[in-house]
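J.: Supplied structure: data13.pdb, PDB, C-alpha atoms.
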MODEL        1
ATOM      1  CA  MET C   1      67.696 100.177  77.158
ATOM      2  CA  LEU C   2      69.946 101.136  80.006
ATOM      3  CA  PRO C   3      68.687 101.128  83.581
ATOM      4  CA  ASP C   4      67.245 104.506  84.616
ATOM      5  CA  ASP C   5      70.029 105.437  87.049
ATOM      6  CA  LEU C   6      72.830 104.596  84.594
ATOM      7  CA  ARG C   7      71.064 106.325  81.690
ATOM      8  CA  ARG C   8      70.707 109.527  83.705
ATOM      9  CA  GLU C   9      74.281 109.304  85.003
ATOM     10  CA  LEU C  10      75.640 109.070  81.452
ATOM     11  CA  ASN C  11      73.459 112.036  80.459
ATOM     12  CA  ASN C  12      74.569 114.364  83.287
ATOM     13  CA  GLY C  13      71.467 113.646  85.363
ATOM     14  CA  ASN C  14      69.068 114.444  82.519
ATOM     15  CA  GLU C  15      66.523 112.240  80.838
ATOM     16  CA  SER C  16      67.348 111.040  77.338
ATOM     17  CA  THR C  17      65.104 112.297  74.555
ATOM     18  CA  LEU C  18      65.361 108.876  72.922
ATOM     19  CA  TYR C  19      63.949 107.172  76.012
ATOM     20  CA  SER C  20      61.088 109.614  76.521
ATOM     21  CA  GLY C  21      60.466 109.813  72.762
ATOM     22  CA  LEU C  22      60.038 106.045  72.426
ATOM     23  CA  HIS C  23      57.548 105.997  75.296
ATOM     24  CA  ARG C  24      55.663 108.904  73.725
ATOM     25  CA  LEU C  25      55.661 107.155  70.328
ATOM     26  CA  ARG C  26      54.116 104.097  71.924
ATOM     27  CA  SER C  27      51.404 105.930  73.835
ATOM     28  CA  GLU C  28      50.492 108.433  71.114
ATOM     29  CA  VAL C  29      50.821 106.236  68.020
ATOM     30  CA  PHE C  30      51.165 102.497  68.585
ATOM     31  CA  ASP C  31      48.653 102.207  71.424
ATOM     32  CA  VAL C  32      46.142 104.256  69.402
ATOM     33  CA  LEU C  33      46.613 102.690  65.954
ATOM     34  CA  LYS C  34      47.471  99.165  67.163
ATOM     35  CA  PRO C  35      49.440  98.235  64.036
ATOM     36  CA  ASP C  36      50.045  94.591  63.152
ATOM     37  CA  LEU C  37      53.561  95.380  62.027
ATOM     38  CA  VAL C  38      56.099  98.129  62.571
ATOM     39  CA  LEU C  39      59.004  98.137  60.150
ATOM     40  CA  VAL C  40      62.110 100.028  61.250
ATOM     41  CA  PHE C  41      64.611 100.818  58.539
ATOM     42  CA  ASP C  42      67.728 102.247  60.128
ATOM     43  CA  SER C  43      70.921 102.692  58.152
ATOM     44  CA  HIS C  44      72.490 104.096  61.319
ATOM     45  CA  TRP C  45      73.714 100.686  62.537
ATOM     46  CA  PHE C  46      76.339 100.152  59.870
ATOM     47  CA  THR C  47      78.918  98.601  62.192
ATOM     48  CA  THR C  48      77.164  95.287  62.827
ATOM     49  CA  SER C  49      76.590  94.158  59.245
ATOM     50  CA  SER C  50      80.113  93.470  58.009
ATOM     51  CA  SER C  51      80.822  90.552  60.352
ATOM     52  CA  ARG C  52      77.645  88.769  59.246
ATOM     53  CA  HIS C  53      78.418  88.988  55.552
ATOM     54  CA  ARG C  54      81.855  87.449  55.632
ATOM     55  CA  ALA C  55      82.536  83.775  55.050
ATOM     56  CA  ALA C  56      84.747  83.105  58.071
ATOM     57  CA  GLU C  57      83.791  80.013  60.045
ATOM     58  CA  ARG C  58      84.130  81.844  63.362
ATOM     59  CA  ARG C  59      84.610  85.448  64.416
ATOM     60  CA  MET C  60      85.643  86.506  67.883
ATOM     61  CA  GLY C  61      87.146  89.531  69.521
ATOM     62  CA  PHE C  62      86.239  92.698  71.354
ATOM     63  CA  PHE C  63      83.878  95.365  70.062
ATOM     64  CA  THR C  64      83.863  99.060  70.971
ATOM     65  CA  SER C  65      81.011 101.137  69.578
ATOM     66  CA  ASP C  66      81.936 104.061  67.328
ATOM     67  CA  GLU C  67      78.930 105.998  68.563
ATOM     68  CA  LEU C  68      78.779 105.056  72.250
ATOM     69  CA  PRO C  69      82.270 104.025  73.372
ATOM     70  CA  GLY C  70      81.463 104.971  76.956
ATOM     71  CA  VAL C  71      78.538 102.542  77.039
ATOM     72  CA  CYS C  72      79.755  99.747  74.786
ATOM     73  CA  ARG C  73      83.495  99.345  75.281
ATOM     74  CA  ALA C  74      85.527  96.157  74.801
ATOM     75  CA  CYS C  75      82.464  93.881  74.697
ATOM     76  CA  HIS C  76      83.621  90.353  73.996
ATOM     77  CA  TYR C  77      81.863  88.558  71.143
ATOM     78  CA  THR C  78      82.105  85.194  69.476
ATOM     79  CA  CYS C  79      80.059  84.264  66.417
ATOM     80  CA  PRO C  80      80.106  80.711  65.122
TER      81      PRO C  80
ENDMDL
END
For this file, write the structure as structure tokens.
T.:
Amino acid sequence: MLPDDLRRELNNGNESTLYSGLHRLRSEVFDVLKPDLVLVFDSHWFTTSSSRHRAAERRMGFFTSDELPGVCRACHYTCP
């Protein structure tokens, strides 16, 4: 997660519901039930799968997030 000051700056000084929601989920559910396993199925992250399923020996370049271009812009990557 982003540092508190940057997260609030990007959200016009407000707290993110994702941040507070994850903390609430932990305290109200995980800390109470103490599960051995939590499985997260998220089809939301479609952009990262295609580079891992191709047969190229090496992939490199710059990645800009479709969903958060202000946070993840021109991040260099190299995958052997």
J.: Could you check how far atom CA of Leu22 of chain C sits from atom CA of Phe62 of chain C, in Å to one decimal?
T.: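 So the two atoms, atom CA of Leu22 of chain C and atom CA of Phe62 of chain C, lie 29.4 Å apart.
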J.: Between atom CA of Leu6 of chain C and atom CA of Asp66 of chain C, measure the distance and give it in Å to one decimal.
T.: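 Atom CA of Leu6 of chain C sits 19.5 Å away from atom CA of Asp66 of chain C.
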J.: How many Å separate atom CA of Leu25 of chain C from atom CA of Asn11 of chain C?
T.: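 The value is 21.1 Å.
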J.: Any idea what's packed within 7 Å of Gly61 of chain C, counting only C-alpha atoms, ignoring anything in its chain fewer than 3 positions away? Could you give it as a PyMOL selection string?
T.: chain C and resi 76-78
J.: Tyr19 of chain C: which residues within 12 Å, counting all atoms listed in the file, same-chain residues fewer than 6 positions away excluded, as number ranges by chain?
T.: C: 1-4, 7-8, 11, 25-26
